[in-house]
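Below is entry-v7.tsv, which holds TSV, C-alpha atoms and all ligand atoms.
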```
chain	number	residue	atom	x	y	z
A	1	MET	CA	61.03	138.04	89.05
A	2	TYR	CA	60.97	141.20	91.12
A	3	LEU	CA	64.06	143.42	90.71
A	4	THR	CA	65.05	146.32	92.95
A	5	LYS	CA	65.88	149.67	91.34
A	6	GLU	CA	69.61	148.95	91.58
A	7	GLU	CA	69.18	145.48	90.06
A	8	GLU	CA	67.18	147.01	87.22
A	9	ARG	CA	70.00	149.47	86.55
A	10	MET	CA	72.49	146.60	86.44
A	11	TYR	CA	70.21	144.66	84.11
A	12	ASP	CA	69.85	147.67	81.81
A	13	GLY	CA	73.64	148.05	81.59
A	14	GLU	CA	73.80	151.35	83.48
A	15	LEU	CA	76.50	149.92	85.78
A	16	GLY	CA	78.63	148.39	83.03
A	17	GLU	CA	78.64	145.49	80.63
A	18	THR	CA	79.95	142.86	83.08
A	19	LEU	CA	77.20	143.46	85.64
A	20	GLN	CA	74.68	143.49	82.80
A	21	LYS	CA	75.90	140.06	81.59
A	22	ALA	CA	75.80	138.76	85.18
A	23	MET	CA	72.26	140.04	85.72
A	24	GLU	CA	71.11	138.55	82.42
A	25	ILE	CA	72.31	135.13	83.62
A	26	LEU	CA	70.63	135.47	87.03
A	27	VAL	CA	67.36	136.76	85.60
A	28	ALA	CA	67.24	134.01	82.95
A	29	ILE	CA	67.76	131.33	85.62
A	30	GLY	CA	65.32	133.02	87.97
A	31	GLU	CA	62.65	133.02	85.30
A	32	ILE	CA	63.21	129.37	84.34
A	33	TYR	CA	62.84	128.27	87.98
A	34	GLU	CA	60.15	130.84	88.87
A	35	ALA	CA	62.21	132.64	91.50
A	36	ASP	CA	60.37	135.54	93.12
A	37	LYS	CA	63.43	137.74	93.72
A	38	LEU	CA	67.19	137.87	94.21
A	39	ILE	CA	68.55	137.30	97.71
A	40	PRO	CA	71.96	138.36	99.12
A	41	ILE	CA	74.65	135.70	99.42
A	42	LYS	CA	77.45	135.42	101.97
A	43	ASN	CA	79.97	134.01	99.52
A	44	ALA	CA	80.36	132.27	96.17
A	45	HIS	CA	82.37	129.28	95.01
A	46	ILE	CA	83.18	129.10	91.34
A	47	ALA	CA	83.93	125.99	89.27
A	48	GLY	CA	85.19	126.07	85.68
A	49	VAL	CA	88.82	126.80	86.49
A	50	SER	CA	90.88	124.03	84.91
A	51	TYR	CA	92.06	124.93	81.42
A	52	LYS	CA	91.54	121.23	80.63
A	53	THR	CA	87.78	121.63	81.06
A	54	ILE	CA	87.13	125.24	79.97
A	55	GLY	CA	89.62	125.57	77.08
A	56	ASP	CA	90.21	128.78	75.12
A	57	ALA	CA	86.50	129.63	74.91
A	58	GLY	CA	86.22	129.69	78.73
A	59	LEU	CA	89.43	131.70	79.09
A	60	GLU	CA	88.18	134.33	76.62
A	61	TRP	CA	84.81	134.58	78.38
A	62	ILE	CA	86.40	135.24	81.79
A	63	LYS	CA	88.98	137.64	80.34
A	64	ASN	CA	86.20	139.76	78.89
A	65	LEU	CA	84.64	140.37	82.31
A	66	HIS	CA	85.65	143.49	84.28
A	67	GLY	CA	85.03	144.83	87.77
A	68	LYS	CA	85.17	143.10	91.14
A	69	VAL	CA	83.13	140.48	92.93
A	70	ARG	CA	80.87	141.85	95.69
A	71	VAL	CA	81.24	138.90	98.11
A	72	PRO	CA	84.23	136.74	99.13
A	73	SER	CA	84.65	134.14	96.41
A	74	THR	CA	86.80	131.02	96.00
A	75	LEU	CA	87.74	128.82	93.05
A	76	ASN	CA	87.47	125.11	92.37
A	77	PRO	CA	90.62	123.10	91.48
A	78	MET	CA	92.57	124.06	88.37
A	79	GLY	CA	94.55	121.76	86.09
A	80	MET	CA	97.88	121.63	87.94
A	81	ASP	CA	99.71	122.20	91.21
A	82	ARG	CA	100.99	125.76	90.76
A	83	GLU	CA	104.33	124.83	92.33
A	84	ARG	CA	104.86	121.25	91.13
A	85	TRP	CA	103.45	121.46	87.61
A	86	LYS	CA	106.75	120.48	85.94
A	87	GLU	CA	107.11	117.44	88.16
A	88	MET	CA	103.54	116.48	87.20
A	89	GLY	CA	104.50	116.46	83.52
A	90	ILE	CA	102.37	119.53	82.65
A	91	SER	CA	103.44	121.21	79.41
A	92	GLU	CA	104.68	124.83	79.26
A	93	GLU	CA	101.73	125.65	77.02
A	94	PHE	CA	99.14	124.26	79.44
A	95	HIS	CA	100.85	126.04	82.33
A	96	SER	CA	100.80	129.36	80.54
A	97	LYS	CA	97.09	129.06	79.58
A	98	GLN	CA	96.18	127.91	83.10
A	99	MET	CA	97.95	130.89	84.66
A	100	ARG	CA	96.06	133.22	82.32
A	101	VAL	CA	92.79	131.70	83.58
A	102	MET	CA	93.94	132.25	87.18
A	103	ARG	CA	94.96	135.84	86.56
A	104	ALA	CA	91.62	136.58	84.88
A	105	TYR	CA	89.80	135.33	87.99
A	106	GLU	CA	92.17	137.19	90.31
A	107	ASP	CA	91.55	140.41	88.37
A	108	LEU	CA	87.88	140.04	89.33
A	109	GLY	CA	88.89	139.93	93.00
A	110	ILE	CA	88.42	136.16	93.40
A	111	SER	CA	90.71	134.28	95.79
A	112	SER	CA	92.94	131.90	93.85
A	113	GLU	CA	92.77	129.25	96.55
A	114	CYS	CA	91.72	126.36	94.34
A	115	THR	CA	89.87	123.69	96.26
A	116	CYS	CA	86.66	121.70	96.04
A	117	THR	CA	86.37	121.84	99.84
A	118	PRO	CA	85.82	125.60	100.33
A	119	TYR	CA	84.12	124.78	103.66
A	120	TYR	CA	87.58	124.02	105.10
A	121	VAL	CA	88.95	127.43	104.12
A	122	THR	CA	85.90	129.76	104.37
A	123	GLU	CA	83.64	130.23	107.35
A	124	VAL	CA	80.23	128.74	106.52
A	125	LYS	CA	77.49	128.06	109.04
A	126	ARG	CA	73.92	126.83	109.33
A	127	GLY	CA	71.43	129.13	107.62
A	128	ASP	CA	73.98	130.95	105.42
A	129	THR	CA	72.85	131.71	101.85
A	130	LEU	CA	75.52	130.83	99.27
A	131	ALA	CA	75.98	130.42	95.52
A	132	TRP	CA	78.29	127.44	95.00
A	133	SER	CA	79.05	125.52	91.86
A	134	GLU	CA	80.90	122.41	92.96
A	135	SER	CA	78.30	119.65	93.29
A	136	SER	CA	80.14	117.80	96.11
A	137	ALA	CA	80.51	121.00	98.13
A	138	VAL	CA	76.89	121.99	97.45
A	139	SER	CA	75.58	118.72	98.79
A	140	PHE	CA	77.94	118.81	101.79
A	141	VAL	CA	77.04	122.34	102.94
A	142	ASN	CA	73.33	121.76	102.46
A	143	SER	CA	73.29	118.37	104.20
A	144	VAL	CA	76.02	118.47	106.84
A	145	ILE	CA	76.45	122.17	107.65
A	146	GLY	CA	72.87	123.31	107.01
A	147	ALA	CA	73.77	126.30	104.79
A	148	ARG	CA	71.73	126.84	101.60
A	149	THR	CA	72.80	126.79	98.00
A	150	ASN	CA	71.45	125.47	94.74
A	151	ARG	CA	73.71	123.46	92.43
A	152	GLU	CA	75.01	126.44	90.51
A	153	GLY	CA	76.78	126.17	87.18
A	154	ALA	CA	80.12	127.94	86.78
A	155	PRO	CA	78.62	131.00	84.97
A	156	SER	CA	75.76	131.43	87.46
A	157	ALA	CA	78.07	131.18	90.50
A	158	LEU	CA	80.36	133.77	88.92
A	159	ALA	CA	77.37	135.98	88.07
A	160	SER	CA	76.19	135.71	91.69
A	161	ALA	CA	79.68	136.61	92.95
A	162	LEU	CA	79.65	139.76	90.79
A	163	VAL	CA	76.12	140.81	91.77
A	164	GLY	CA	76.33	139.51	95.38
A	165	LYS	CA	72.95	137.81	95.00
A	166	THR	CA	71.26	134.64	93.77
A	167	PRO	CA	67.69	133.91	92.61
A	168	ARG	CA	65.48	132.55	95.39
A	169	TYR	CA	64.23	129.13	94.30
A	170	GLY	CA	65.00	125.43	94.82
A	171	LEU	CA	67.08	124.62	97.89
A	172	HIS	CA	66.86	128.20	99.21
A	173	ILE	CA	63.21	127.46	100.07
A	174	GLU	CA	62.43	125.37	103.16
A	175	GLU	CA	59.69	123.21	101.58
A	176	ASN	CA	62.04	122.13	98.78
A	177	ARG	CA	64.51	120.68	101.29
A	178	VAL	CA	62.32	117.86	102.62
A	179	PRO	CA	63.25	114.21	101.99
A	180	GLN	CA	61.43	112.35	99.22
A	181	VAL	CA	62.97	108.86	99.21
A	182	PHE	CA	63.87	106.64	102.15
A	183	ILE	CA	67.16	104.75	101.79
A	184	ASP	CA	67.40	101.79	104.13
A	185	VAL	CA	71.09	100.86	104.38
A	186	ARG	CA	71.09	97.32	105.78
A	187	THR	CA	74.80	96.90	106.30
A	188	GLU	CA	77.58	98.54	108.30
A	189	LEU	CA	79.55	101.00	106.16
A	190	SER	CA	82.97	102.55	106.58
A	191	GLY	CA	85.22	104.93	104.60
A	192	SER	CA	85.00	104.44	100.84
A	193	ASP	CA	81.75	102.44	101.22
A	194	TYR	CA	79.97	105.79	101.51
A	195	GLY	CA	81.28	106.81	98.08
A	196	ALA	CA	80.13	103.47	96.67
A	197	LEU	CA	76.69	104.04	98.23
A	198	GLY	CA	76.55	107.56	96.76
A	199	CYS	CA	77.27	106.22	93.27
A	200	ILE	CA	74.47	103.64	93.54
A	201	VAL	CA	71.76	105.91	94.91
A	202	GLY	CA	72.67	109.04	92.92
A	203	GLU	CA	71.91	107.19	89.71
A	204	ILE	CA	68.48	106.10	90.97
A	205	LEU	CA	67.54	109.39	92.65
A	206	GLY	CA	68.35	111.97	89.97
A	207	GLU	CA	67.41	115.22	91.74
A	208	LYS	CA	65.33	113.70	94.55
A	209	ILE	CA	66.34	114.27	98.17
A	210	PRO	CA	67.02	111.09	100.16
A	211	LEU	CA	66.68	110.27	103.84
A	212	PHE	CA	69.30	107.69	104.81
A	213	SER	CA	69.00	105.28	107.67
A	214	PHE	CA	72.47	103.99	108.63
A	215	ARG	CA	73.44	101.21	111.01
A	216	SER	CA	75.89	103.52	112.73
A	217	LYS	CA	76.70	107.22	112.66
A	218	PRO	CA	78.93	108.24	109.74
A	219	SER	CA	81.82	110.66	110.27
A	220	GLU	CA	81.82	114.05	108.58
A	221	ASP	CA	84.47	112.78	106.13
A	222	GLU	CA	82.34	109.77	105.24
A	223	LEU	CA	79.34	112.02	104.58
A	224	LYS	CA	81.58	114.14	102.37
A	225	TYR	CA	82.31	111.07	100.22
A	226	LEU	CA	78.61	110.17	100.11
A	227	CYS	CA	77.54	113.69	99.09
A	228	ALA	CA	80.25	113.91	96.42
A	229	ALA	CA	79.33	110.60	94.79
A	230	MET	CA	75.57	111.31	94.83
A	231	GLY	CA	76.18	114.68	93.19
A	232	ALA	CA	78.31	113.03	90.51
A	233	SER	CA	76.21	110.00	89.59
A	234	GLY	CA	72.96	111.96	89.99
A	235	ALA	CA	72.00	115.56	90.60
A	236	VAL	CA	71.29	115.22	94.31
A	237	GLY	CA	71.74	118.62	95.99
A	238	MET	CA	71.27	117.48	99.57
A	239	CYS	CA	70.37	114.55	101.80
A	240	HIS	CA	69.16	113.80	105.33
A	241	PHE	CA	70.23	111.00	107.64
A	242	VAL	CA	68.83	109.31	110.72
A	243	HIS	CA	69.95	106.34	112.74
A	244	GLU	CA	66.45	104.98	113.16
A	245	LYS	CA	63.53	104.82	110.77
A	246	THR	CA	61.60	107.72	112.31
A	247	ASN	CA	60.11	109.49	109.29
A	248	ALA	CA	60.49	106.60	106.89
A	249	LYS	CA	56.83	105.58	106.77
A	250	LYS	CA	55.73	108.96	105.47
A	251	LEU	CA	57.95	108.80	102.39
A	252	PRO	CA	56.40	107.46	99.18
A	253	GLU	CA	59.55	105.72	97.85
A	254	LYS	CA	61.96	103.35	99.51
A	255	ILE	CA	65.27	101.86	98.37
A	256	THR	CA	67.08	99.08	100.21
A	257	ILE	CA	70.85	98.76	100.07
A	258	GLU	CA	72.53	95.49	101.03
A	259	LYS	CA	76.17	94.59	101.60
A	260	LYS	CA	76.42	92.95	98.16
A	261	ASP	CA	75.38	96.22	96.45
A	262	ILE	CA	78.27	98.06	98.09
A	263	GLU	CA	80.78	95.27	97.42
A	264	SER	CA	79.88	95.18	93.73
A	265	MET	CA	81.28	98.70	93.33
A	266	TYR	CA	84.88	97.75	94.17
A	267	GLY	CA	87.34	96.56	91.54
A	268	GLU	CA	90.96	95.58	90.88
A	269	ASN	CA	93.06	96.83	88.00
A	270	ASP	CA	96.81	96.69	88.79
A	271	PRO	CA	97.02	100.51	88.88
A	272	GLU	CA	99.99	102.60	87.79
A	273	ILE	CA	98.73	105.52	89.87
A	274	ILE	CA	96.68	105.65	93.04
A	275	ALA	CA	94.94	108.93	93.82
A	276	MET	CA	93.10	109.95	96.98
A	277	GLY	CA	91.48	113.18	98.13
A	278	CYS	CA	88.32	113.52	96.03
A	279	PRO	CA	86.96	115.79	97.45
A	280	HIS	CA	90.19	117.31	98.82
A	281	CYS	CA	91.29	115.75	102.12
A	282	SER	CA	90.44	117.18	105.50
A	283	GLU	CA	93.15	117.41	108.17
A	284	ARG	CA	91.70	114.28	109.80
A	285	GLU	CA	92.02	112.32	106.58
A	286	LEU	CA	95.55	113.58	106.00
A	287	GLU	CA	96.39	112.35	109.48
A	288	LYS	CA	94.92	108.90	108.76
A	289	ILE	CA	96.88	108.64	105.52
A	290	ALA	CA	100.08	109.78	107.27
A	291	ASN	CA	99.56	107.04	109.85
A	292	LEU	CA	99.20	104.42	107.11
A	293	LEU	CA	102.40	105.63	105.38
A	294	ARG	CA	104.59	106.39	108.42
A	295	GLY	CA	107.98	104.73	107.98
A	296	LYS	CA	106.90	102.96	104.74
A	297	LYS	CA	107.91	103.38	101.08
A	298	VAL	CA	105.55	103.47	98.11
A	299	ARG	CA	106.60	101.87	94.82
A	300	LYS	CA	103.82	103.30	92.69
A	301	GLU	CA	102.76	106.88	92.03
A	302	LEU	CA	100.52	107.92	94.94
A	303	TRP	CA	98.78	111.29	94.99
A	304	ILE	CA	97.01	112.80	97.97
A	305	CYS	CA	94.95	115.84	96.85
A	306	VAL	CA	94.39	118.58	99.38
A	307	SER	CA	93.85	122.34	99.60
A	308	ARG	CA	97.04	124.41	99.82
A	309	ARG	CA	95.80	125.89	103.13
A	310	ILE	CA	95.65	122.44	104.76
A	311	LYS	CA	98.99	121.40	103.25
A	312	GLU	CA	100.62	124.50	104.73
A	313	ARG	CA	98.88	124.10	108.08
A	314	ARG	CA	99.91	120.45	108.46
A	315	GLY	CA	103.51	120.41	107.32
A	316	ASP	CA	104.16	117.68	109.94
A	317	LEU	CA	101.79	115.26	108.20
A	318	VAL	CA	102.97	116.27	104.73
A	319	ARG	CA	106.56	115.39	105.71
A	320	ILE	CA	105.52	111.92	106.89
A	321	ILE	CA	103.52	111.30	103.71
A	322	GLU	CA	106.18	112.59	101.33
A	323	SER	CA	108.99	110.67	103.07
A	324	SER	CA	107.22	107.56	101.80
A	325	GLY	CA	107.53	108.79	98.20
A	326	ALA	CA	103.83	109.75	97.94
A	327	LYS	CA	103.00	113.27	96.70
A	328	VAL	CA	100.73	115.77	98.43
A	329	ILE	CA	99.22	117.64	95.49
A	330	CYS	CA	97.47	121.02	95.82
A	331	ASP	CA	95.27	123.26	93.63
A	332	THR	CA	94.16	120.37	91.40
A	333	CYS	CA	92.98	116.76	91.37
A	334	MET	CA	93.14	113.44	89.51
A	335	VAL	CA	90.13	114.41	87.37
A	336	VAL	CA	90.65	118.03	86.32
A	337	SER	CA	94.41	117.75	85.71
A	338	PRO	CA	95.64	116.40	82.37
A	339	ALA	CA	98.63	114.99	84.29
A	340	THR	CA	96.90	111.68	85.12
A	341	GLU	CA	96.26	110.89	81.46
A	342	ARG	CA	99.78	109.60	80.89
A	343	PHE	CA	98.80	106.59	83.04
A	344	GLU	CA	96.71	103.68	81.79
A	345	ARG	CA	95.18	102.47	85.04
A	346	MET	CA	94.24	104.36	88.19
A	347	MET	CA	92.86	103.32	91.56
A	348	VAL	CA	90.91	105.77	93.73
A	349	ASP	CA	89.15	105.57	97.09
A	350	SER	CA	86.29	107.88	96.09
A	351	GLY	CA	82.98	107.13	94.37
A	352	LYS	CA	82.95	110.54	92.71
A	353	ALA	CA	86.47	110.07	91.34
A	354	VAL	CA	85.54	106.68	89.83
A	355	ARG	CA	82.58	108.24	88.11
A	356	TYR	CA	84.44	111.27	86.76
A	357	VAL	CA	87.71	109.58	85.80
A	358	LYS	CA	85.60	107.19	83.70
A	359	THR	CA	83.83	110.01	81.88
A	360	MET	CA	86.40	112.82	81.80
A	361	CYS	CA	89.81	111.09	81.54
A	362	ASP	CA	91.13	108.50	79.16
A	363	VAL	CA	92.24	106.25	82.05
A	364	GLU	CA	90.87	102.92	83.29
A	365	VAL	CA	89.78	103.29	86.92
A	366	ALA	CA	88.83	101.09	89.88
A	367	LEU	CA	87.46	101.85	93.34
A	368	GLY	CA	89.43	100.56	96.32
A	369	LYS	CA	89.20	101.09	100.08
A	370	ARG	CA	91.69	103.64	101.40
A	371	GLU	CA	93.77	101.06	103.30
A	372	ASP	CA	93.90	98.81	100.20
A	373	CYS	CA	94.88	101.76	98.00
A	374	VAL	CA	97.84	102.50	100.30
A	375	LYS	CA	98.80	98.80	100.43
A	376	ILE	CA	98.70	98.51	96.64
A	377	ALA	CA	100.84	101.66	96.31
A	378	MET	CA	103.53	99.89	98.36
A	379	GLU	CA	103.52	96.64	96.32
A	401	LIG	FE1	87.31	117.78	93.89
A	401	LIG	FE2	88.33	116.89	91.68
A	401	LIG	FE3	86.84	115.34	93.14
A	401	LIG	S1	87.45	118.86	91.98
A	401	LIG	S2	85.43	116.69	94.17
A	401	LIG	S3	88.83	116.19	93.73
A	401	LIG	S4	86.76	115.50	90.94
```

Written as C-alpha cells, how would this file's structure read?
Amino acid sequence: MYLTKEEERMYDGELGETLQKAMEILVAIGEIYEADKLIPIKNAHIAGVSYKTIGDAGLEWIKNLHGKVRVPSTLNPMGMDRERWKEMGISEEFHSKQMRVMRAYEDLGISSECTCTPYYVTEVKRGDTLAWSESSAVSFVNSVIGARTNREGAPSALASALVGKTPRYGLHIEENRVPQVFIDVRTELSGSDYGALGCIVGEILGEKIPLFSFRSKPSEDELKYLCAAMGASGAVGMCHFVHEKTNAKKLPEKITIEKKDIESMYGENDPEIIAMGCPHCSERELEKIANLLRGKKVRKELWICVSRRIKERRGDLVRIIESSGAKVICDTCMVVSPATERFERMMVDSGKAVRYVKTMCDVEVALGKREDCVKIAME
C-alpha cells in the first residue's frame, strides 16, 4: 500500500507511539484487503465502549493511547445510562470502570455522545468517506444515505480517527457496491417485519450485497431496522432497493421471501421486560411510541433506547412516554448493558436485538411488533 511521507513517519514512530500503533493497524488491514492507499475520512464512529463487552483488557488498551483524534468522532452505546445507572441496577464497580472507559475516550478528543445512530447527531451526506464500526450504522449510511464506509472493527475505526484516514478497499470502491443477489419480497411489510426480513436474509447472504424488491416503499426507519438485522445475522455492509424488478434479471442469485417466512420470526414469551430502540429511536419513532402510550399506564418494565441528543430535543415526547411508567434510556441499550440480565424473558421489536440478546445476554428473547410490545407492556 502506498504511504505518503507523513504516513511513513507515523508508521515509523516518528510522531509518537499511539500514531505508530494506529498506522500499524491501518497498514495491516490495507495489506490484507489489497488497498492501494489511505484516503481521508470526514468522521469516525467507534464501537467497543461498553465495559460489559471490552472488559479490563479493552480499558487498558484505550488508556495506553495518547494524543487526539484528527476528525470528529463519536462513540457507540456504553453499558449504562450515565444519569440513571443506579435506577437500572448497575453496580458501583461497573459504573466506575465504565466511566474510566469514557474518560479514556474523551482524553483522545472523542465525543462521549454514545449512540448507535450517529447519523442523527452528525452531519453525513451522500459521497462522504467515513470509518464507522457499528454494523447497523454502516449498512444504513451506505444504503440509505449513500456515504461510504467499510464495516470497521473497533480498533480500526479508532485508528482511522487518530490518523484521519482509512485504507481504500471494499465499499469505498464503486464496483464493490453493486448488488449481487435479488431478493423478491412477495408480501407487504411494515415496522418490525423489516427486522425479521433482515434476520432471514443476512444469514443467507453473508457478505453479499442484496437488491430488494418491495411491494411498497419502506420508510427510513424501516430500512434502519432491515440494515441493522442484516448486519447482525450476516455481514452485509449495504443493500439496494427498488419497487419494481428492473435489474433483477441480471443478478445470478435470487431469493424469494413469502409472508410465512416473516411470520415465523415472531414469538411469544410472557416477557418481564420489553425493550425498543435497537438501533436507537429516531424522533419519528419516539413520536409513534408516545402516541401509543399517551394517557396509558404500563405494568411491565418498558425501555425505549434513544440518543441523549434526541431525548433532550424532544422533552415533550419523553414526558408523555415516562408518564406511562416507561423509561426513556440513553447512552446504552438492551444488549450492551448488563442491566437487562436480571430479567429472565425479554420482548423486543427489532431483528438485530433478537439476534444479539440471544448471543450476548443470558436472557430469553422474542420478537414482537411494536404495537404488540406496547400492548403487552400494559397487561
Ligand atoms: Fe444499537 Fe444496541 Fe442495537 S448498540 S444497534 S441498540 S444492539

Within 8 Å of A:Ser307 using all atoms listed in the file, minus same-chain residues under 6 positions, as a VMD selection string: chain A and resid 113 to 115 117 280 to 281 330 to 331

Cut-off 10 Å, only C-alpha atoms and all ligand atoms, neighbours of ligand LIG 401 (chain A) as an NGL selection string: :A and (47-50 or 76-79 or 114-117 or 134-137 or 224-225 or 227-229 or 231-232 or 275-281 or 304-307 or 331-337 or 350-357 or 360)

Selected residue, from A:Glu322, A:Glu272, A:Glu175, A:Glu34, that lies nearest to A:Ile209 when counting all atoms listed in the file: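 So, comparing all the options, the nearest one is A:Glu175.
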
Separation of atom CA of A:Lys375 from atom CA of A:Ser264, in Å and rounded to one decimal: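 Computed distance, atom CA of A:Lys375 to atom CA of A:Ser264, equals 20.4 Å.
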
Residue with smallest distance to A:Gln20 - pool A:Ala290, A:Pro252, A:Cys199, A:Ala159, counting all atoms listed in the file: A:Ala159

Separation of atom CA of A:Gly153 from atom CA of A:Glu253 in Å: 28.8 Å

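The nearest approach to A:Gly325 among the residues A:Thr359, A:Leu286, A:Glu87, A:Ala377, with all atoms listed in the file taken into account, belongs to A:Ala377.
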
Atom CA of A:Leu292 to atom CA of A:Glu371, distance in Å rounded to a single decimal: 7.4 Å

Nearest to A:Glu301 by atom-to-atom distance, counting only C-alpha atoms, from A:Leu189, A:Met347, A:Leu197, A:Val236: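 That would be A:Met347, the residue with the smallest distance to A:Glu301.
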
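Shortest separation to A:Phe241 among A:Ala44, A:Val144, A:Leu205, A:Val163 occurs at residue A:Val144, atoms counted being all atoms listed in the file.
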
Proximity to A:Ile54 - best of A:Ile90, A:Met10, A:Ala154, A:Ile25, only C-alpha atoms: A:Ala154

Contacts of A:Gly55 within 12 Å, all atoms listed in the file, excl. fewer than 2 positions in-chain, as a PyMOL selection string: chain A and resi 48-53+57-62+78-79+94+97-98+100-101+336

Selection: 7 Å around A:Val242, all atoms listed in the file, excl. self and same-chain fewer than 5 positions, as an NGL selection string: :A and (212-214)

Which residues, protein or nucleic acid, reach to within 12 Å of (72.8, 132.5, 91.5) in the file's coordinates when using all atoms listed in the file, and can you give that as an mmCIF file with C-alpha atoms, in the frame of the given file?
```cif
data_model
loop_
_atom_site.group_PDB
_atom_site.id
_atom_site.type_symbol
_atom_site.label_atom_id
_atom_site.label_comp_id
_atom_site.auth_asym_id
_atom_site.auth_seq_id
_atom_site.Cartn_x
_atom_site.Cartn_y
_atom_site.Cartn_z
ATOM 1 C CA ALA A 22 75.800 138.760 85.180
ATOM 2 C CA MET A 23 72.260 140.040 85.720
ATOM 3 C CA GLU A 24 71.110 138.550 82.420
ATOM 4 C CA ILE A 25 72.310 135.130 83.620
ATOM 5 C CA LEU A 26 70.630 135.470 87.030
ATOM 6 C CA VAL A 27 67.360 136.760 85.600
ATOM 7 C CA ALA A 28 67.240 134.010 82.950
ATOM 8 C CA ILE A 29 67.760 131.330 85.620
ATOM 9 C CA GLY A 30 65.320 133.020 87.970
ATOM 10 C CA GLU A 31 62.650 133.020 85.300
ATOM 11 C CA TYR A 33 62.840 128.270 87.980
ATOM 12 C CA ALA A 35 62.210 132.640 91.500
ATOM 13 C CA LYS A 37 63.430 137.740 93.720
ATOM 14 C CA LEU A 38 67.190 137.870 94.210
ATOM 15 C CA ILE A 39 68.550 137.300 97.710
ATOM 16 C CA PRO A 40 71.960 138.360 99.120
ATOM 17 C CA ILE A 41 74.650 135.700 99.420
ATOM 18 C CA LYS A 42 77.450 135.420 101.970
ATOM 19 C CA ASN A 43 79.970 134.010 99.520
ATOM 20 C CA ALA A 44 80.360 132.270 96.170
ATOM 21 C CA HIS A 45 82.370 129.280 95.010
ATOM 22 C CA ILE A 46 83.180 129.100 91.340
ATOM 23 C CA THR A 129 72.850 131.710 101.850
ATOM 24 C CA LEU A 130 75.520 130.830 99.270
ATOM 25 C CA ALA A 131 75.980 130.420 95.520
ATOM 26 C CA TRP A 132 78.290 127.440 95.000
ATOM 27 C CA SER A 133 79.050 125.520 91.860
ATOM 28 C CA ARG A 148 71.730 126.840 101.600
ATOM 29 C CA THR A 149 72.800 126.790 98.000
ATOM 30 C CA ASN A 150 71.450 125.470 94.740
ATOM 31 C CA ARG A 151 73.710 123.460 92.430
ATOM 32 C CA GLU A 152 75.010 126.440 90.510
ATOM 33 C CA GLY A 153 76.780 126.170 87.180
ATOM 34 C CA ALA A 154 80.120 127.940 86.780
ATOM 35 C CA PRO A 155 78.620 131.000 84.970
ATOM 36 C CA SER A 156 75.760 131.430 87.460
ATOM 37 C CA ALA A 157 78.070 131.180 90.500
ATOM 38 C CA LEU A 158 80.360 133.770 88.920
ATOM 39 C CA ALA A 159 77.370 135.980 88.070
ATOM 40 C CA SER A 160 76.190 135.710 91.690
ATOM 41 C CA ALA A 161 79.680 136.610 92.950
ATOM 42 C CA LEU A 162 79.650 139.760 90.790
ATOM 43 C CA VAL A 163 76.120 140.810 91.770
ATOM 44 C CA GLY A 164 76.330 139.510 95.380
ATOM 45 C CA LYS A 165 72.950 137.810 95.000
ATOM 46 C CA THR A 166 71.260 134.640 93.770
ATOM 47 C CA PRO A 167 67.690 133.910 92.610
ATOM 48 C CA ARG A 168 65.480 132.550 95.390
ATOM 49 C CA TYR A 169 64.230 129.130 94.300
ATOM 50 C CA GLY A 170 65.000 125.430 94.820
ATOM 51 C CA LEU A 171 67.080 124.620 97.890
ATOM 52 C CA HIS A 172 66.860 128.200 99.210
#
```
